[in-house]
Amino acid sequence: MRRYDWFQRLWRERRSEWARRVEQDRGSTVFLGDSITQGWGGGLGAAFPGVKVANRGISGDTTRGILLRLQDDVLALDPAAVVLLAGTNDLEEGATPDVIAGNLELILQALERHDARLEVVLCQVFPSAAAKKRSAASIKAVNALFLAVAKKHPRVTYLETWPLFAGPDGDATLAEFPDLLHPNEAGYAKWAAALRPVFATLGLSETGADPFTPEEGFERLFNGRDLTGWGYRPTTEKDKASAARWQASDPNAAAWPIVTEPATFDGLTATPDGRFVVIGGRLVVTAPREYRKIQQLFTTREFPKDFVLKLEFRATPNADSGVYLREPQLQCRDYRIAGPYKNLKSYNPQDWNELVVSVKDGVAQATCNGELLEAAIALPASGPIGVEGDRGQMEYRRIRIRVLSR
């Protein structure tokens, strides 16, 4: 606990106010943290229209302080979900990363004891600066331990907010953190954008159906209601070899489940393993608890003729996925952070983007929001369309195709 007079006074004032609002804030999505959370203030509700929110940030607070006030400030509200950002003040106070991560574990255990179904969005500690007693190396160490803790808790979504803000040296940028610690309006806007896709998947927002109708000549590959027409295919020998090489050489290699028998998911709204889920007209590739996990979902049809494929995708920060074109994979990711197309002018981070693939005579051209990604991808004579899951959450919608006569 911090002992400064200003902190103790603020602690009492804010918590006394909240004690009078328990019934009013019951069932909220609770934002829990320190000055970064407190500083969102009245803009928090405006950032998430239709989502009932409660701000439970106290400037200067630490993970220990959050743990001590968790029952009265959070659990008493029976929250719909919790967004947690904490740890930066612990570093200023000289706490070691393992102590900070230990406190996080206790916080998550307390949330689970209250409600085993409670969803928690754990944000990485934002970048700051060594001048603020928060070096890039120390923040990275905390975030690595936070990931290890998150992996043990199935209801925790680990959101990569550090690369969302970090500059080339790993520190915060003055353009979004004028004092190298607290975000400005632009910084809060990026944080809100990063959270919105997760809120949609958790059912906190975007709960209506997608009213989209395909253009004339196009047919849906994904009907927006279930996984009819999609399934798992047996893992190829090439992919088995790739998985074996990767996992043998890298202790942090992605999990890569091997599929031995084909499976179709007609009429289902989720794959049995829960990796691919249909929500509100979206095909969601959920974030794996393992952090990275390679899985592939394919159409049960194959497409030997020329075609035009159109779809829209949305990625959480640093998410990694892909679209299979008969066999080759076109990288479909959070391009701004994960690449490989980092310099696209029209890419919309954490929002919807249109991918168009035109195939003619066995060669594919791909664009994102009209900008060229690849001019000539050589394709085999026939094969399915597919989407991949690797890291983070990816969403696809309005997947449709126009098969050409030749």
# chains A, B, ... in the order shown; residues from 1 in each chain; ligands from 1
$ select_by_dssp --residues "range 14-132 of chain A" --states "strand (DSSP E)" --output "PyMOL selection string"
chain A and resi 29-33+53-57+81-85+119-123
$ select_by_dssp --residues "range 83-217 of chain A" --states "helix (DSSP H, G or I)" --output "PyMOL selection string"
chain A and resi 88-92+97-114+130-132+136-150+162-165+185-201
$ residues_around --residues "Ala86 in chain A" --least-positions-apart "2" --cutoff "7 Å" --atoms "only C-alpha atoms" --output "PyMOL selection string"
chain A and resi 33-34+62-63+84+88+125
$ closest_residue --among "A:Ala172, A:Leu181, A:Val278, A:Leu75" --to "Ser59 in chain A" --atoms "only C-alpha atoms"
A:Leu181
$ residues_around --residues "Lys305 in chain A" --least-positions-apart "6" --cutoff "10 Å" --atoms "only C-alpha atoms" --output "PyMOL selection string"
chain A and resi 359-362+381-383+403-406
$ write_last_selection --atoms "N, CA and C atoms" --output "CSV table (one decimal), in the first residue's frame"
chain,number,residue,atom,x,y,z
A,359,VAL,N,-8.9,-14.4,-58.4
A,359,VAL,CA,-8.2,-15.6,-58.9
A,359,VAL,C,-8.4,-15.7,-60.4
A,360,LYS,N,-7.4,-15.7,-61.2
A,360,LYS,CA,-7.5,-15.9,-62.7
A,360,LYS,C,-6.3,-16.8,-63.1
A,361,ASP,N,-6.7,-17.9,-63.8
A,361,ASP,CA,-5.7,-18.8,-64.4
A,361,ASP,C,-4.6,-19.2,-63.4
A,362,GLY,N,-5.1,-19.6,-62.2
A,362,GLY,CA,-4.2,-20.1,-61.1
A,362,GLY,C,-3.4,-19.1,-60.4
A,381,ALA,N,-4.5,-26.2,-58.7
A,381,ALA,CA,-5.6,-26.3,-59.6
A,381,ALA,C,-6.9,-26.2,-58.9
A,382,SER,N,-7.0,-26.7,-57.7
A,382,SER,CA,-8.3,-26.7,-57.0
A,382,SER,C,-8.0,-26.8,-55.5
A,383,GLY,N,-9.0,-26.5,-54.7
A,383,GLY,CA,-8.9,-26.6,-53.2
A,383,GLY,C,-9.9,-25.7,-52.5
A,403,VAL,N,-18.1,-17.3,-58.3
A,403,VAL,CA,-17.3,-18.2,-59.1
A,403,VAL,C,-17.5,-17.8,-60.6
A,404,LEU,N,-16.4,-17.7,-61.3
A,404,LEU,CA,-16.5,-17.3,-62.7
A,404,LEU,C,-16.6,-18.5,-63.6
A,405,SER,N,-17.0,-18.3,-64.8
A,405,SER,CA,-17.4,-19.5,-65.7
A,405,SER,C,-16.2,-20.3,-66.1
A,406,ARG,N,-15.1,-19.6,-66.4
A,406,ARG,CA,-13.9,-20.4,-66.9
A,406,ARG,C,-13.2,-21.2,-65.9
$ residues_around --residues "Trp256 in chain A" --least-positions-apart "4" --cutoff "7 Å" --atoms "only C-alpha atoms" --output "mmCIF file with C-alpha atoms, in the first residue's frame"
data_model
loop_
_atom_site.group_PDB
_atom_site.id
_atom_site.type_symbol
_atom_site.label_atom_id
_atom_site.label_comp_id
_atom_site.auth_asym_id
_atom_site.auth_seq_id
_atom_site.Cartn_x
_atom_site.Cartn_y
_atom_site.Cartn_z
ATOM 1 C CA ALA A 243 4.943 -28.302 -36.490
ATOM 2 C CA LYS A 293 -2.314 -22.224 -31.220
ATOM 3 C CA ILE A 294 -2.425 -23.138 -34.919
ATOM 4 C CA GLN A 295 -5.818 -24.360 -36.143
#
$ closest_residue --among "A:Lys140, A:Ala192, A:Gly267, A:Phe146" --to "Thr37 in chain A" --atoms "only C-alpha atoms"
A:Ala192
$ closest_residue --among "A:Glu374, A:Asp169, A:Asp390, A:Glu395" --to "Ile279 in chain A" --atoms "only C-alpha atoms"
A:Glu395
$ decode --residues "range 305-348 of chain A" --atoms "N, CA and C atoms" --output "mmCIF file, in the first residue's frame"
data_model
loop_
_atom_site.group_PDB
_atom_site.id
_atom_site.type_symbol
_atom_site.label_atom_id
_atom_site.label_comp_id
_atom_site.auth_asym_id
_atom_site.auth_seq_id
_atom_site.Cartn_x
_atom_site.Cartn_y
_atom_site.Cartn_z
ATOM 1 N N LYS A 305 -12.421 -23.340 -60.267
ATOM 2 C CA LYS A 305 -12.540 -22.303 -61.301
ATOM 3 C C LYS A 305 -12.012 -20.964 -60.784
ATOM 4 N N ASP A 306 -11.891 -20.019 -61.701
ATOM 5 C CA ASP A 306 -11.561 -18.656 -61.297
ATOM 6 C C ASP A 306 -12.663 -18.120 -60.375
ATOM 7 N N PHE A 307 -12.291 -17.238 -59.469
ATOM 8 C CA PHE A 307 -13.308 -16.687 -58.565
ATOM 9 C C PHE A 307 -12.842 -15.343 -58.014
ATOM 10 N N VAL A 308 -13.820 -14.643 -57.438
ATOM 11 C CA VAL A 308 -13.542 -13.440 -56.654
ATOM 12 C C VAL A 308 -14.068 -13.702 -55.242
ATOM 13 N N LEU A 309 -13.182 -13.617 -54.277
ATOM 14 C CA LEU A 309 -13.524 -13.838 -52.873
ATOM 15 C C LEU A 309 -13.508 -12.491 -52.153
ATOM 16 N N LYS A 310 -14.571 -12.213 -51.395
ATOM 17 C CA LYS A 310 -14.622 -10.992 -50.596
ATOM 18 C C LYS A 310 -14.976 -11.346 -49.153
ATOM 19 N N LEU A 311 -14.363 -10.652 -48.229
ATOM 20 C CA LEU A 311 -14.686 -10.818 -46.817
ATOM 21 C C LEU A 311 -14.205 -9.596 -46.055
ATOM 22 N N GLU A 312 -14.651 -9.490 -44.809
ATOM 23 C CA GLU A 312 -14.172 -8.453 -43.906
ATOM 24 C C GLU A 312 -13.574 -9.117 -42.679
ATOM 25 N N PHE A 313 -12.531 -8.496 -42.123
ATOM 26 C CA PHE A 313 -11.875 -9.051 -40.943
ATOM 27 C C PHE A 313 -11.580 -7.949 -39.935
ATOM 28 N N ARG A 314 -11.510 -8.354 -38.666
ATOM 29 C CA ARG A 314 -11.169 -7.446 -37.574
ATOM 30 C C ARG A 314 -10.243 -8.194 -36.615
ATOM 31 N N ALA A 315 -9.182 -7.524 -36.173
ATOM 32 C CA ALA A 315 -8.155 -8.167 -35.358
ATOM 33 C C ALA A 315 -7.913 -7.396 -34.072
ATOM 34 N N THR A 316 -7.726 -8.107 -32.969
ATOM 35 C CA THR A 316 -7.251 -7.472 -31.756
ATOM 36 C C THR A 316 -5.756 -7.150 -31.916
ATOM 37 N N PRO A 317 -5.183 -6.319 -31.045
ATOM 38 C CA PRO A 317 -3.781 -5.931 -31.218
ATOM 39 C C PRO A 317 -2.835 -7.136 -31.316
ATOM 40 N N ASN A 318 -2.021 -7.123 -32.362
ATOM 41 C CA ASN A 318 -1.000 -8.148 -32.616
ATOM 42 C C ASN A 318 -1.573 -9.518 -32.951
ATOM 43 N N ALA A 319 -2.867 -9.592 -33.273
ATOM 44 C CA ALA A 319 -3.466 -10.879 -33.636
ATOM 45 C C ALA A 319 -2.856 -11.399 -34.929
ATOM 46 N N ASP A 320 -2.801 -12.725 -35.045
ATOM 47 C CA ASP A 320 -2.185 -13.387 -36.190
ATOM 48 C C ASP A 320 -3.135 -14.460 -36.703
ATOM 49 N N SER A 321 -3.476 -14.369 -37.985
ATOM 50 C CA SER A 321 -4.371 -15.339 -38.602
ATOM 51 C C SER A 321 -3.970 -15.461 -40.068
ATOM 52 N N GLY A 322 -4.866 -16.014 -40.876
ATOM 53 C CA GLY A 322 -4.585 -16.149 -42.292
ATOM 54 C C GLY A 322 -5.792 -16.667 -43.035
ATOM 55 N N VAL A 323 -5.793 -16.457 -44.347
ATOM 56 C CA VAL A 323 -6.852 -16.954 -45.228
ATOM 57 C C VAL A 323 -6.209 -17.908 -46.226
ATOM 58 N N TYR A 324 -6.750 -19.129 -46.303
ATOM 59 C CA TYR A 324 -6.209 -20.131 -47.229
ATOM 60 C C TYR A 324 -6.920 -20.027 -48.572
ATOM 61 N N LEU A 325 -6.131 -19.991 -49.618
ATOM 62 C CA LEU A 325 -6.629 -19.902 -50.988
ATOM 63 C C LEU A 325 -6.259 -21.197 -51.705
ATOM 64 N N ARG A 326 -7.213 -22.140 -51.660
ATOM 65 C CA ARG A 326 -6.964 -23.502 -52.147
ATOM 66 C C ARG A 326 -5.910 -24.195 -51.281
ATOM 67 N N GLU A 327 -4.703 -23.669 -51.214
ATOM 68 C CA GLU A 327 -3.672 -24.208 -50.330
ATOM 69 C C GLU A 327 -2.806 -23.109 -49.738
ATOM 70 N N PRO A 328 -2.251 -22.192 -50.530
ATOM 71 C CA PRO A 328 -1.385 -21.161 -49.957
ATOM 72 C C PRO A 328 -2.149 -20.289 -48.966
ATOM 73 N N GLN A 329 -1.406 -19.753 -48.010
ATOM 74 C CA GLN A 329 -2.005 -18.894 -46.994
ATOM 75 C C GLN A 329 -1.643 -17.434 -47.259
ATOM 76 N N LEU A 330 -2.663 -16.582 -47.294
ATOM 77 C CA LEU A 330 -2.467 -15.142 -47.334
ATOM 78 C C LEU A 330 -2.514 -14.640 -45.894
ATOM 79 N N GLN A 331 -1.446 -14.011 -45.424
ATOM 80 C CA GLN A 331 -1.424 -13.538 -44.052
ATOM 81 C C GLN A 331 -2.530 -12.500 -43.840
ATOM 82 N N CYS A 332 -3.346 -12.760 -42.821
ATOM 83 C CA CYS A 332 -4.440 -11.856 -42.472
ATOM 84 C C CYS A 332 -4.312 -11.611 -40.975
ATOM 85 N N ARG A 333 -3.804 -10.437 -40.622
ATOM 86 C CA ARG A 333 -3.399 -10.173 -39.246
ATOM 87 C C ARG A 333 -3.752 -8.746 -38.852
ATOM 88 N N ASP A 334 -3.311 -8.391 -37.658
ATOM 89 C CA ASP A 334 -3.290 -6.982 -37.284
ATOM 90 C C ASP A 334 -2.072 -6.387 -37.975
ATOM 91 N N TYR A 335 -2.256 -5.986 -39.225
ATOM 92 C CA TYR A 335 -1.127 -5.620 -40.069
ATOM 93 C C TYR A 335 -0.248 -4.532 -39.462
ATOM 94 N N ARG A 336 -0.829 -3.580 -38.740
ATOM 95 C CA ARG A 336 -0.057 -2.457 -38.241
ATOM 96 C C ARG A 336 1.035 -2.913 -37.259
ATOM 97 N N ILE A 337 0.722 -3.923 -36.443
ATOM 98 C CA ILE A 337 1.689 -4.409 -35.452
ATOM 99 C C ILE A 337 2.360 -5.693 -35.910
ATOM 100 N N ALA A 338 1.571 -6.673 -36.352
ATOM 101 C CA ALA A 338 2.102 -8.000 -36.667
ATOM 102 C C ALA A 338 2.677 -8.105 -38.068
ATOM 103 N N GLY A 339 2.378 -7.112 -38.947
ATOM 104 C CA GLY A 339 2.871 -7.184 -40.310
ATOM 105 C C GLY A 339 2.125 -8.241 -41.112
ATOM 106 N N PRO A 340 2.620 -8.596 -42.284
ATOM 107 C CA PRO A 340 3.810 -8.049 -42.933
ATOM 108 C C PRO A 340 3.569 -6.744 -43.686
ATOM 109 N N TYR A 341 2.314 -6.314 -43.744
ATOM 110 C CA TYR A 341 1.974 -5.124 -44.533
ATOM 111 C C TYR A 341 1.791 -3.936 -43.579
ATOM 112 N N LYS A 342 2.869 -3.489 -42.975
ATOM 113 C CA LYS A 342 2.799 -2.487 -41.911
ATOM 114 C C LYS A 342 2.558 -1.075 -42.418
ATOM 115 N N ASN A 343 2.748 -0.836 -43.695
ATOM 116 C CA ASN A 343 2.681 0.531 -44.215
ATOM 117 C C ASN A 343 1.400 0.831 -44.986
ATOM 118 N N LEU A 344 0.384 0.002 -44.803
ATOM 119 C CA LEU A 344 -0.883 0.266 -45.477
ATOM 120 C C LEU A 344 -1.485 1.576 -44.960
ATOM 121 N N LYS A 345 -1.923 2.409 -45.865
ATOM 122 C CA LYS A 345 -2.488 3.699 -45.479
ATOM 123 C C LYS A 345 -3.963 3.585 -45.056
ATOM 124 N N SER A 346 -4.652 2.586 -45.575
ATOM 125 C CA SER A 346 -6.097 2.507 -45.337
ATOM 126 C C SER A 346 -6.483 1.434 -44.325
ATOM 127 N N TYR A 347 -5.508 0.744 -43.741
ATOM 128 C CA TYR A 347 -5.832 -0.292 -42.755
ATOM 129 C C TYR A 347 -6.440 0.341 -41.510
ATOM 130 N N ASN A 348 -7.499 -0.288 -40.977
ATOM 131 C CA ASN A 348 -8.207 0.217 -39.806
ATOM 132 C C ASN A 348 -7.893 -0.667 -38.601
#
